[in-house]
file data.txt (compact mmCIF, C-alpha atoms)
# COMPACT_ATOMS: atom_id res chain seq x y z
CA MET A 1 -43.91 -14.23 77.64
CA LEU A 2 -41.06 -16.26 76.19
CA THR A 3 -39.58 -14.22 73.36
CA ARG A 4 -36.40 -15.98 72.25
CA ILE A 5 -34.27 -19.09 72.28
CA ASP A 6 -31.80 -17.79 74.85
CA HIS A 7 -29.37 -20.68 74.70
CA ILE A 8 -28.73 -24.35 74.14
CA GLY A 9 -26.89 -25.94 77.06
CA ILE A 10 -24.34 -28.56 76.03
CA ALA A 11 -22.66 -30.77 78.64
CA CYS A 12 -19.05 -31.80 78.09
CA PHE A 13 -16.24 -33.50 79.98
CA ASP A 14 -13.55 -31.00 78.93
CA LEU A 15 -14.59 -27.38 78.49
CA ASP A 16 -11.34 -26.19 76.91
CA ARG A 17 -11.40 -28.95 74.31
CA THR A 18 -15.07 -28.27 73.53
CA VAL A 19 -14.52 -24.51 73.23
CA GLU A 20 -11.70 -25.25 70.80
CA PHE A 21 -13.93 -27.59 68.77
CA TYR A 22 -16.56 -24.87 68.32
CA ARG A 23 -13.92 -22.26 67.46
CA ALA A 24 -11.98 -24.39 64.99
CA THR A 25 -15.00 -26.00 63.33
CA TYR A 26 -17.47 -23.10 63.11
CA GLY A 27 -15.54 -19.97 64.07
CA PHE A 28 -17.64 -19.39 67.22
CA GLU A 29 -15.81 -17.32 69.82
CA VAL A 30 -16.16 -17.24 73.59
CA PHE A 31 -18.29 -14.30 74.70
CA HIS A 32 -18.13 -14.98 78.44
CA THR A 33 -16.86 -17.57 80.90
CA GLU A 34 -17.68 -18.15 84.53
CA VAL A 35 -17.88 -20.70 87.31
CA ASN A 36 -21.30 -21.22 88.85
CA GLU A 37 -20.58 -22.82 92.24
CA GLU A 38 -24.23 -23.40 93.04
CA GLN A 39 -24.83 -25.27 89.78
CA GLY A 40 -21.45 -27.00 90.09
CA VAL A 41 -20.29 -26.03 86.60
CA ARG A 42 -17.67 -24.11 84.72
CA GLU A 43 -19.12 -22.66 81.56
CA ALA A 44 -18.44 -20.77 78.36
CA MET A 45 -21.07 -18.75 76.51
CA LEU A 46 -20.66 -18.50 72.71
CA LYS A 47 -22.87 -15.78 71.22
CA ILE A 48 -24.38 -16.97 67.93
CA ASN A 49 -26.82 -14.22 66.96
CA GLU A 50 -28.87 -11.36 68.31
CA THR A 51 -32.63 -11.77 68.58
CA SER A 52 -35.68 -9.67 67.70
CA ASP A 53 -36.55 -9.08 71.37
CA GLY A 54 -33.26 -7.22 71.92
CA GLY A 55 -31.48 -10.22 73.45
CA ALA A 56 -29.25 -12.89 71.95
CA SER A 57 -28.92 -16.63 71.44
CA TYR A 58 -25.91 -18.49 72.82
CA LEU A 59 -24.43 -21.92 73.07
CA GLN A 60 -23.67 -22.60 76.71
CA LEU A 61 -20.90 -25.16 77.15
CA LEU A 62 -20.93 -26.77 80.59
CA GLU A 63 -18.28 -28.80 82.39
CA PRO A 64 -19.01 -30.12 85.90
CA ILE A 65 -16.64 -29.01 88.64
CA ARG A 66 -17.75 -31.62 91.17
CA GLU A 67 -19.05 -35.16 90.97
CA ASP A 68 -22.31 -34.45 92.78
CA SER A 69 -23.40 -31.67 90.41
CA THR A 70 -26.49 -32.41 88.32
CA VAL A 71 -24.47 -31.98 85.13
CA ALA A 72 -21.87 -34.53 86.32
CA LYS A 73 -24.60 -37.05 87.04
CA TRP A 74 -26.25 -36.34 83.70
CA LEU A 75 -22.93 -36.85 81.86
CA ALA A 76 -22.29 -40.12 83.69
CA LYS A 77 -25.66 -41.40 82.50
CA ASN A 78 -25.93 -39.89 79.02
CA GLY A 79 -22.46 -38.96 77.83
CA GLU A 80 -21.79 -35.62 76.15
CA GLY A 81 -24.59 -33.84 74.32
CA VAL A 82 -27.46 -31.38 74.60
CA HIS A 83 -28.30 -31.04 78.30
CA HIS A 84 -31.08 -28.41 78.20
CA ILE A 85 -32.66 -25.63 76.19
CA ALA A 86 -33.49 -22.16 77.50
CA PHE A 87 -36.09 -19.58 76.54
CA GLY A 88 -35.65 -15.89 77.29
CA THR A 89 -38.35 -13.82 78.97
CA ALA A 90 -38.52 -10.36 80.53
CA ASP A 91 -40.33 -11.88 83.56
CA VAL A 92 -39.02 -15.24 84.75
CA ASP A 93 -40.97 -14.88 88.01
CA GLY A 94 -44.34 -14.31 86.41
CA ASP A 95 -43.84 -16.83 83.62
CA SER A 96 -42.62 -19.60 85.92
CA GLU A 97 -45.59 -19.03 88.24
CA ALA A 98 -48.03 -19.14 85.33
CA ILE A 99 -46.41 -22.34 84.05
CA ARG A 100 -46.51 -23.89 87.52
CA ASP A 101 -50.23 -23.12 87.64
CA LYS A 102 -50.65 -25.18 84.45
CA GLY A 103 -49.31 -28.25 86.27
CA VAL A 104 -45.72 -28.24 85.00
CA ARG A 105 -43.21 -28.82 87.80
CA VAL A 106 -40.87 -25.82 88.29
CA LEU A 107 -37.67 -27.05 89.92
CA TYR A 108 -36.86 -23.96 92.04
CA GLU A 109 -39.21 -22.27 94.47
CA GLN A 110 -37.67 -18.93 93.43
CA PRO A 111 -35.42 -18.18 90.43
CA ARG A 112 -31.68 -18.53 91.03
CA ILE A 113 -28.64 -16.87 89.50
CA GLY A 114 -27.56 -18.14 86.06
CA SER A 115 -25.02 -17.04 83.45
CA MET A 116 -23.97 -13.40 83.35
CA GLY A 117 -26.09 -12.46 86.34
CA SER A 118 -29.33 -13.67 84.80
CA ARG A 119 -32.20 -15.09 86.87
CA ILE A 120 -33.19 -18.61 85.89
CA THR A 121 -35.41 -21.52 86.70
CA PHE A 122 -35.87 -25.00 85.26
CA LEU A 123 -38.95 -27.02 84.32
CA HIS A 124 -39.06 -30.75 84.96
CA PRO A 125 -38.15 -32.65 81.79
CA LYS A 126 -40.77 -35.32 82.47
CA ASP A 127 -43.43 -32.61 82.21
CA CYS A 128 -41.87 -31.16 79.01
CA GLY A 129 -41.63 -34.12 76.62
CA GLY A 130 -38.18 -35.18 77.82
CA VAL A 131 -36.68 -31.70 77.40
CA LEU A 132 -35.03 -30.08 80.43
CA THR A 133 -36.25 -26.52 79.88
CA GLU A 134 -34.82 -23.37 81.43
CA LEU A 135 -36.41 -19.92 81.62
CA VAL A 136 -34.02 -16.94 81.71
CA THR A 137 -34.34 -13.26 82.42
CA SER A 138 -31.15 -11.42 81.51
CA ALA A 139 -29.45 -9.23 84.09
CA GLN A 140 -29.27 -6.17 81.84
CA PRO A 141 -32.13 -4.64 79.92
CA THR A 142 -32.37 -6.70 76.74
CA GLU A 143 -32.71 -3.59 74.56
CA HIS A 144 -29.45 -2.56 72.91
CA MET B 1 -20.41 -18.84 57.94
CA LEU B 2 -22.94 -19.98 60.51
CA THR B 3 -24.93 -16.92 61.54
CA ARG B 4 -27.81 -18.15 63.70
CA ILE B 5 -29.35 -20.91 65.74
CA ASP B 6 -31.85 -21.96 63.08
CA HIS B 7 -33.76 -24.49 65.14
CA ILE B 8 -33.76 -27.05 67.90
CA GLY B 9 -35.12 -30.40 66.72
CA ILE B 10 -37.23 -32.21 69.32
CA ALA B 11 -38.33 -35.80 68.75
CA CYS B 12 -41.73 -36.89 70.05
CA PHE B 13 -44.09 -39.84 69.80
CA ASP B 14 -47.23 -37.76 69.23
CA LEU B 15 -46.87 -34.53 67.26
CA ASP B 16 -50.37 -33.22 67.95
CA ARG B 17 -49.98 -33.70 71.69
CA THR B 18 -46.56 -32.03 71.66
CA VAL B 19 -47.75 -29.07 69.59
CA GLU B 20 -50.56 -28.64 72.12
CA PHE B 21 -48.08 -28.76 75.03
CA TYR B 22 -45.98 -25.94 73.53
CA ARG B 23 -49.08 -23.88 72.74
CA ALA B 24 -50.78 -24.32 76.10
CA THR B 25 -47.63 -23.99 78.21
CA TYR B 26 -45.73 -21.21 76.43
CA GLY B 27 -48.11 -19.75 73.85
CA PHE B 28 -45.94 -20.90 70.92
CA GLU B 29 -47.96 -21.25 67.70
CA VAL B 30 -47.39 -23.47 64.69
CA PHE B 31 -45.74 -21.53 61.86
CA HIS B 32 -45.55 -24.41 59.36
CA THR B 33 -46.21 -28.14 59.14
CA GLU B 34 -45.08 -30.69 56.60
CA VAL B 35 -44.27 -34.34 56.01
CA ASN B 36 -40.71 -35.11 54.91
CA GLU B 37 -40.97 -38.53 53.30
CA GLU B 38 -37.22 -38.85 52.80
CA GLN B 39 -36.51 -38.15 56.48
CA GLY B 40 -39.50 -40.25 57.52
CA VAL B 41 -41.01 -37.55 59.73
CA ARG B 42 -44.04 -35.37 60.16
CA GLU B 43 -43.04 -32.04 61.65
CA ALA B 44 -44.24 -28.73 63.01
CA MET B 45 -42.13 -25.58 63.05
CA LEU B 46 -42.80 -23.10 65.88
CA LYS B 47 -41.21 -19.70 65.22
CA ILE B 48 -39.72 -18.31 68.43
CA ASN B 49 -37.85 -15.17 67.33
CA GLU B 50 -36.25 -13.47 64.37
CA THR B 51 -32.47 -13.30 64.19
CA SER B 52 -29.90 -10.63 63.38
CA ASP B 53 -28.91 -12.32 60.08
CA GLY B 54 -32.43 -11.80 58.70
CA GLY B 55 -33.57 -15.34 59.49
CA ALA B 56 -35.39 -16.84 62.45
CA SER B 57 -35.09 -19.44 65.21
CA TYR B 58 -37.64 -22.23 65.48
CA LEU B 59 -38.49 -25.26 67.50
CA GLN B 60 -38.89 -28.19 65.12
CA LEU B 61 -41.14 -30.89 66.55
CA LEU B 62 -40.61 -34.25 64.84
CA GLU B 63 -42.76 -37.40 64.87
CA PRO B 64 -41.61 -40.44 62.89
CA ILE B 65 -43.96 -41.72 60.20
CA ARG B 66 -42.27 -45.10 59.79
CA GLU B 67 -40.38 -47.44 62.07
CA ASP B 68 -37.19 -47.47 60.00
CA SER B 69 -36.73 -43.68 60.07
CA THR B 70 -33.70 -42.41 61.96
CA VAL B 71 -35.97 -40.46 64.32
CA ALA B 72 -38.02 -43.59 65.13
CA LYS B 73 -34.83 -45.49 65.95
CA TRP B 74 -33.53 -42.59 68.03
CA LEU B 75 -36.82 -42.41 70.00
CA ALA B 76 -36.78 -46.16 70.65
CA LYS B 77 -33.32 -45.81 72.14
CA ASN B 78 -33.53 -42.45 73.93
CA GLY B 79 -37.17 -41.60 74.48
CA GLU B 80 -38.51 -38.13 73.78
CA GLY B 81 -36.16 -35.14 73.92
CA VAL B 82 -33.78 -32.92 71.99
CA HIS B 83 -32.77 -34.82 68.84
CA HIS B 84 -30.51 -32.27 67.11
CA ILE B 85 -29.57 -28.61 66.86
CA ALA B 86 -29.27 -26.62 63.63
CA PHE B 87 -27.21 -23.61 62.62
CA GLY B 88 -28.25 -21.35 59.75
CA THR B 89 -25.86 -20.33 56.99
CA ALA B 90 -26.18 -18.63 53.61
CA ASP B 91 -23.97 -21.35 52.09
CA VAL B 92 -24.60 -24.89 53.32
CA ASP B 93 -22.55 -26.31 50.42
CA GLY B 94 -19.42 -24.28 51.13
CA ASP B 95 -19.65 -24.57 54.89
CA SER B 96 -20.22 -28.32 54.88
CA GLU B 97 -17.26 -28.81 52.53
CA ALA B 98 -15.04 -26.65 54.74
CA ILE B 99 -16.14 -28.58 57.83
CA ARG B 100 -15.57 -31.91 56.07
CA ASP B 101 -12.04 -30.74 55.25
CA LYS B 102 -11.47 -30.27 59.01
CA GLY B 103 -12.12 -33.96 59.58
CA VAL B 104 -15.72 -33.81 60.78
CA ARG B 105 -17.92 -36.42 59.12
CA VAL B 106 -20.70 -34.85 57.02
CA LEU B 107 -23.54 -37.36 56.69
CA TYR B 108 -24.75 -36.45 53.18
CA GLU B 109 -22.60 -36.26 50.09
CA GLN B 110 -24.75 -33.33 48.91
CA PRO B 111 -27.26 -31.29 50.93
CA ARG B 112 -30.84 -32.59 50.91
CA ILE B 113 -34.22 -30.90 51.25
CA GLY B 114 -35.27 -29.92 54.79
CA SER B 115 -38.11 -27.92 56.29
CA MET B 116 -39.78 -25.25 54.18
CA GLY B 117 -37.68 -26.04 51.12
CA SER B 118 -34.38 -25.41 52.89
CA ARG B 119 -31.19 -27.27 51.98
CA ILE B 120 -29.67 -29.20 54.86
CA THR B 121 -26.92 -31.53 55.92
CA PHE B 122 -25.95 -33.21 59.18
CA LEU B 123 -22.63 -33.63 60.98
CA HIS B 124 -21.83 -36.86 62.80
CA PRO B 125 -22.59 -36.48 66.52
CA LYS B 126 -19.50 -38.50 67.47
CA ASP B 127 -17.38 -35.79 65.83
CA CYS B 128 -19.37 -32.99 67.53
CA GLY B 129 -19.25 -33.80 71.24
CA GLY B 130 -22.37 -35.95 71.17
CA VAL B 131 -24.48 -33.29 69.44
CA LEU B 132 -26.19 -34.23 66.17
CA THR B 133 -25.65 -30.95 64.32
CA GLU B 134 -27.49 -29.76 61.22
CA LEU B 135 -26.54 -26.96 58.84
CA VAL B 136 -29.40 -25.17 57.06
CA THR B 137 -29.68 -22.74 54.20
CA SER B 138 -33.21 -21.33 53.95
CA ALA B 139 -35.09 -21.56 50.68
CA GLN B 140 -35.98 -17.89 50.53
CA PRO B 141 -33.63 -14.98 50.91
CA THR B 142 -33.20 -14.55 54.66
CA GLU B 143 -33.60 -10.77 54.44
CA HIS B 144 -37.09 -9.60 55.32

call {"tool": "encode", "arguments": {"input": "data.txt", "output": "structure tokens"}}
result
Amino acid sequence: MLTRIDHIGIACFDLDRTVEFYRATYGFEVFHTEVNEEQGVREAMLKINETSDGGASYLQLLEPIREDSTVAKWLAKNGEGVHHIAFGTADVDGDSEAIRDKGVRVLYEQPRIGSMGSRITFLHPKDCGGVLTELVTSAQPTEH
Amino acid sequence: MLTRIDHIGIACFDLDRTVEFYRATYGFEVFHTEVNEEQGVREAMLKINETSDGGASYLQLLEPIREDSTVAKWLAKNGEGVHHIAFGTADVDGDSEAIRDKGVRVLYEQPRIGSMGSRITFLHPKDCGGVLTELVTSAQPTEH
């Protein structure tokens, strides 16, 4: 069951400049940064609020680290902006299977590693009203 | 101070079909519907989780009700997808003035009426890394 908006993924050309925009304009601070080699991105997570399922909602700022990454290709086509949205669940495996059974294309055969050790998968935007949609199960128990 | 992701605004051609997609695929239910004549949209709010500031995070599904609405023009150009993101604040007036003073274009001189009697304004996407960004103060006290 999807129990929260986990994050909004925003693609940018310059991560440092974008992090500074969010800090200077809104006061949002960086909670975590990492490079995800498989996804071909460098990213910063800005924690915005905690959520009623014991998790949290973040902005995820994404800069491509190579030209053949999906985010680089997306930026070349669309320019900067909202790249995807992500819902949090305690069971990304079960939920993605159930959603696949409803006829929505799930992009990975098995969930892969996302931000902060989470397990993630993506749903095809053409099956989701134009919205690239990610499902996330956090690495740690979501209860605080 | 912006204290939550208030909603993600998703533009669609057919609200009923999109509501049914989110219900059938994820189990998300409609929390509220309304027509906003000024914005030229018919909308459904799907409540996803409550937030640590006493508010909540929603998906806002938007269908234009006239061809000259900004959402209709956006859909004609971009197709269906994420139209904007919104941050919640207790003080949309103060925050939008402070953000204007930082050189970000605020689209309304004074906040206008948004979903569920909230007061809203928008920031120019060209000043926000391609992200049309809304600020929202809920109508009711956000404490439950």

call {"tool": "interface_residues", "arguments": {"input": "data.txt", "of": "chain A", "to": "chain B", "cutoff": "8 Å", "atoms": "all atoms listed in the file", "output": "PyMOL selection string"}}
result
chain A and resi 1-5+12+18+21+25-27+48-53+57+79-82+99+102+128-131

call {"tool": "write_last_selection", "arguments": {"input": "data.txt", "atoms": "C-alpha atoms", "output": "short mmCIF file (atom, residue, chain, number, x, y, z; two decimals), keeping the file's coordinate frame"}}
result
data_model
loop_
_atom_site.label_atom_id
_atom_site.label_comp_id
_atom_site.auth_asym_id
_atom_site.auth_seq_id
_atom_site.Cartn_x
_atom_site.Cartn_y
_atom_site.Cartn_z
CA MET A 1 -43.91 -14.23 77.64
CA LEU A 2 -41.06 -16.26 76.19
CA THR A 3 -39.58 -14.22 73.36
CA ARG A 4 -36.40 -15.98 72.25
CA ILE A 5 -34.27 -19.09 72.28
CA CYS A 12 -19.05 -31.80 78.09
CA THR A 18 -15.07 -28.27 73.53
CA PHE A 21 -13.93 -27.59 68.77
CA THR A 25 -15.00 -26.00 63.33
CA TYR A 26 -17.47 -23.10 63.11
CA GLY A 27 -15.54 -19.97 64.07
CA ILE A 48 -24.38 -16.97 67.93
CA ASN A 49 -26.82 -14.22 66.96
CA GLU A 50 -28.87 -11.36 68.31
CA THR A 51 -32.63 -11.77 68.58
CA SER A 52 -35.68 -9.67 67.70
CA ASP A 53 -36.55 -9.08 71.37
CA SER A 57 -28.92 -16.63 71.44
CA GLY A 79 -22.46 -38.96 77.83
CA GLU A 80 -21.79 -35.62 76.15
CA GLY A 81 -24.59 -33.84 74.32
CA VAL A 82 -27.46 -31.38 74.60
CA ILE A 99 -46.41 -22.34 84.05
CA LYS A 102 -50.65 -25.18 84.45
CA CYS A 128 -41.87 -31.16 79.01
CA GLY A 129 -41.63 -34.12 76.62
CA GLY A 130 -38.18 -35.18 77.82
CA VAL A 131 -36.68 -31.70 77.40
#

call {"tool": "atom_distance", "arguments": {"input": "data.txt", "atom1": "CA of Met116 (chain A)", "atom2": "CA of Arg66 (chain A)"}}
result
20.8 Å

call {"tool": "calpha_fit_and_write", "arguments": {"input": "data.txt", "fixed": "chain A", "moving": "chain B", "output": "short mmCIF file (atom, residue, chain, number, x, y, z; two decimals) with C-alpha atoms, keeping the file's coordinate frame"}}
result
data_model
loop_
_atom_site.label_atom_id
_atom_site.label_comp_id
_atom_site.auth_asym_id
_atom_site.auth_seq_id
_atom_site.Cartn_x
_atom_site.Cartn_y
_atom_site.Cartn_z
CA MET B 1 -43.91 -14.23 77.64
CA LEU B 2 -41.07 -16.25 76.18
CA THR B 3 -39.58 -14.21 73.35
CA ARG B 4 -36.40 -15.99 72.26
CA ILE B 5 -34.28 -19.09 72.28
CA ASP B 6 -31.81 -17.81 74.86
CA HIS B 7 -29.36 -20.68 74.71
CA ILE B 8 -28.74 -24.35 74.14
CA GLY B 9 -26.89 -25.94 77.06
CA ILE B 10 -24.34 -28.57 76.03
CA ALA B 11 -22.67 -30.77 78.63
CA CYS B 12 -19.06 -31.81 78.09
CA PHE B 13 -16.24 -33.50 79.97
CA ASP B 14 -13.55 -31.01 78.93
CA LEU B 15 -14.59 -27.38 78.49
CA ASP B 16 -11.34 -26.19 76.92
CA ARG B 17 -11.41 -28.95 74.32
CA THR B 18 -15.06 -28.26 73.51
CA VAL B 19 -14.54 -24.50 73.22
CA GLU B 20 -11.70 -25.25 70.80
CA PHE B 21 -13.93 -27.59 68.76
CA TYR B 22 -16.58 -24.87 68.30
CA ARG B 23 -13.94 -22.26 67.45
CA ALA B 24 -11.99 -24.39 65.00
CA THR B 25 -15.01 -26.00 63.34
CA TYR B 26 -17.47 -23.10 63.12
CA GLY B 27 -15.55 -19.97 64.08
CA PHE B 28 -17.66 -19.40 67.21
CA GLU B 29 -15.81 -17.32 69.82
CA VAL B 30 -16.17 -17.24 73.59
CA PHE B 31 -18.31 -14.29 74.69
CA HIS B 32 -18.15 -14.97 78.45
CA THR B 33 -16.86 -17.57 80.90
CA GLU B 34 -17.68 -18.13 84.53
CA VAL B 35 -17.88 -20.70 87.31
CA ASN B 36 -21.31 -21.22 88.87
CA GLU B 37 -20.56 -22.79 92.24
CA GLU B 38 -24.22 -23.38 93.06
CA GLN B 39 -24.81 -25.25 89.79
CA GLY B 40 -21.44 -26.98 90.10
CA VAL B 41 -20.29 -26.03 86.60
CA ARG B 42 -17.67 -24.10 84.73
CA GLU B 43 -19.14 -22.66 81.55
CA ALA B 44 -18.45 -20.77 78.36
CA MET B 45 -21.07 -18.75 76.50
CA LEU B 46 -20.67 -18.50 72.71
CA LYS B 47 -22.87 -15.77 71.21
CA ILE B 48 -24.38 -16.97 67.93
CA ASN B 49 -26.83 -14.21 66.95
CA GLU B 50 -28.89 -11.35 68.31
CA THR B 51 -32.64 -11.77 68.57
CA SER B 52 -35.68 -9.68 67.70
CA ASP B 53 -36.56 -9.09 71.39
CA GLY B 54 -33.28 -7.22 71.93
CA GLY B 55 -31.49 -10.22 73.44
CA ALA B 56 -29.26 -12.88 71.95
CA SER B 57 -28.93 -16.64 71.43
CA TYR B 58 -25.92 -18.49 72.80
CA LEU B 59 -24.43 -21.91 73.05
CA GLN B 60 -23.67 -22.60 76.71
CA LEU B 61 -20.90 -25.16 77.13
CA LEU B 62 -20.94 -26.75 80.59
CA GLU B 63 -18.28 -28.80 82.39
CA PRO B 64 -19.00 -30.09 85.89
CA ILE B 65 -16.63 -28.99 88.65
CA ARG B 66 -17.73 -31.61 91.17
CA GLU B 67 -19.04 -35.15 90.96
CA ASP B 68 -22.29 -34.44 92.79
CA SER B 69 -23.40 -31.67 90.41
CA THR B 70 -26.49 -32.40 88.33
CA VAL B 71 -24.45 -31.98 85.14
CA ALA B 72 -21.84 -34.52 86.32
CA LYS B 73 -24.59 -37.04 87.06
CA TRP B 74 -26.25 -36.34 83.71
CA LEU B 75 -22.92 -36.86 81.86
CA ALA B 76 -22.27 -40.13 83.68
CA LYS B 77 -25.64 -41.39 82.52
CA ASN B 78 -25.91 -39.90 79.02
CA GLY B 79 -22.44 -38.96 77.84
CA GLU B 80 -21.78 -35.64 76.14
CA GLY B 81 -24.60 -33.85 74.32
CA VAL B 82 -27.45 -31.38 74.59
CA HIS B 83 -28.30 -31.05 78.30
CA HIS B 84 -31.07 -28.42 78.20
CA ILE B 85 -32.65 -25.63 76.18
CA ALA B 86 -33.49 -22.16 77.48
CA PHE B 87 -36.11 -19.59 76.53
CA GLY B 88 -35.66 -15.90 77.30
CA THR B 89 -38.35 -13.82 78.97
CA ALA B 90 -38.55 -10.37 80.53
CA ASP B 91 -40.34 -11.89 83.55
CA VAL B 92 -39.02 -15.25 84.75
CA ASP B 93 -40.97 -14.89 88.02
CA GLY B 94 -44.35 -14.32 86.40
CA ASP B 95 -43.85 -16.84 83.63
CA SER B 96 -42.63 -19.60 85.93
CA GLU B 97 -45.60 -19.03 88.25
CA ALA B 98 -48.02 -19.14 85.32
CA ILE B 99 -46.41 -22.34 84.04
CA ARG B 100 -46.50 -23.89 87.52
CA ASP B 101 -50.22 -23.11 87.65
CA LYS B 102 -50.63 -25.19 84.45
CA GLY B 103 -49.32 -28.24 86.26
CA VAL B 104 -45.73 -28.25 85.01
CA ARG B 105 -43.22 -28.82 87.79
CA VAL B 106 -40.89 -25.83 88.29
CA LEU B 107 -37.68 -27.05 89.93
CA TYR B 108 -36.87 -23.96 92.03
CA GLU B 109 -39.20 -22.27 94.46
CA GLN B 110 -37.67 -18.92 93.43
CA PRO B 111 -35.44 -18.18 90.43
CA ARG B 112 -31.70 -18.54 91.03
CA ILE B 113 -28.65 -16.87 89.51
CA GLY B 114 -27.57 -18.14 86.07
CA SER B 115 -25.03 -17.04 83.48
CA MET B 116 -23.99 -13.40 83.37
CA GLY B 117 -26.10 -12.47 86.38
CA SER B 118 -29.35 -13.67 84.81
CA ARG B 119 -32.21 -15.08 86.87
CA ILE B 120 -33.19 -18.61 85.91
CA THR B 121 -35.42 -21.53 86.70
CA PHE B 122 -35.88 -25.01 85.26
CA LEU B 123 -38.96 -27.02 84.32
CA HIS B 124 -39.07 -30.76 84.95
CA PRO B 125 -38.16 -32.65 81.76
CA LYS B 126 -40.78 -35.32 82.47
CA ASP B 127 -43.44 -32.61 82.19
CA CYS B 128 -41.87 -31.18 79.00
CA GLY B 129 -41.62 -34.12 76.62
CA GLY B 130 -38.18 -35.17 77.82
CA VAL B 131 -36.68 -31.70 77.39
CA LEU B 132 -35.04 -30.09 80.42
CA THR B 133 -36.25 -26.53 79.86
CA GLU B 134 -34.84 -23.37 81.43
CA LEU B 135 -36.41 -19.92 81.60
CA VAL B 136 -34.03 -16.94 81.71
CA THR B 137 -34.35 -13.26 82.41
CA SER B 138 -31.14 -11.41 81.52
CA ALA B 139 -29.46 -9.23 84.10
CA GLN B 140 -29.23 -6.18 81.88
CA PRO B 141 -32.03 -4.60 79.92
CA THR B 142 -32.29 -6.68 76.75
CA GLU B 143 -32.58 -3.58 74.55
CA HIS B 144 -29.30 -2.63 72.92
#

call {"tool": "atom_distance", "arguments": {"input": "data.txt", "atom1": "CA of Glu38 (chain A)", "atom2": "CA of Thr70 (chain A)"}}
result
10.4 Å

call {"tool": "residues_around", "arguments": {"input": "data.txt", "residues": "Ile65 (chain B)", "least_positions_apart": "2", "cutoff": "9 Å", "atoms": "only C-alpha atoms", "output": "ChimeraX atom specification"}}
result
/B:35,37,40-42,63,67-69,72

call {"tool": "build_atoms", "arguments": {"input": "data.txt", "residues": "region 42-46 of chain A", "atoms": "all heavy atoms", "output": "short mmCIF file (atom, residue, chain, number, x, y, z; two decimals), keeping the file's coordinate frame"}}
result
data_model
loop_
_atom_site.label_atom_id
_atom_site.label_comp_id
_atom_site.auth_asym_id
_atom_site.auth_seq_id
_atom_site.Cartn_x
_atom_site.Cartn_y
_atom_site.Cartn_z
N ARG A 42 -18.50 -25.12 85.37
CA ARG A 42 -17.67 -24.11 84.72
C ARG A 42 -18.25 -24.01 83.33
O ARG A 42 -18.58 -25.04 82.73
CB ARG A 42 -16.26 -24.70 84.71
CG ARG A 42 -15.18 -23.99 84.10
CD ARG A 42 -13.85 -24.64 84.60
NE ARG A 42 -13.26 -25.53 83.61
CZ ARG A 42 -12.46 -25.13 82.63
NH1 ARG A 42 -12.15 -23.85 82.49
NH2 ARG A 42 -11.94 -26.00 81.79
N GLU A 43 -18.39 -22.78 82.82
CA GLU A 43 -19.12 -22.66 81.56
C GLU A 43 -18.54 -21.59 80.65
O GLU A 43 -17.88 -20.65 81.10
CB GLU A 43 -20.59 -22.36 81.83
CG GLU A 43 -20.82 -21.05 82.55
CD GLU A 43 -22.30 -20.78 82.80
OE1 GLU A 43 -22.94 -21.57 83.52
OE2 GLU A 43 -22.80 -19.78 82.26
N ALA A 44 -18.80 -21.77 79.37
CA ALA A 44 -18.44 -20.77 78.36
C ALA A 44 -19.69 -20.47 77.54
O ALA A 44 -20.40 -21.39 77.13
CB ALA A 44 -17.34 -21.29 77.45
N MET A 45 -19.95 -19.18 77.34
CA MET A 45 -21.07 -18.75 76.51
C MET A 45 -20.51 -18.31 75.15
O MET A 45 -19.63 -17.44 75.09
CB MET A 45 -21.81 -17.59 77.15
CG MET A 45 -22.44 -17.91 78.50
SD MET A 45 -23.83 -19.08 78.42
CE MET A 45 -25.18 -17.98 77.98
N LEU A 46 -21.03 -18.89 74.07
CA LEU A 46 -20.66 -18.50 72.71
C LEU A 46 -21.87 -17.80 72.10
O LEU A 46 -22.94 -18.42 71.97
CB LEU A 46 -20.32 -19.74 71.88
CG LEU A 46 -19.41 -20.80 72.53
CD1 LEU A 46 -19.15 -21.92 71.53
CD2 LEU A 46 -18.10 -20.20 73.01
#
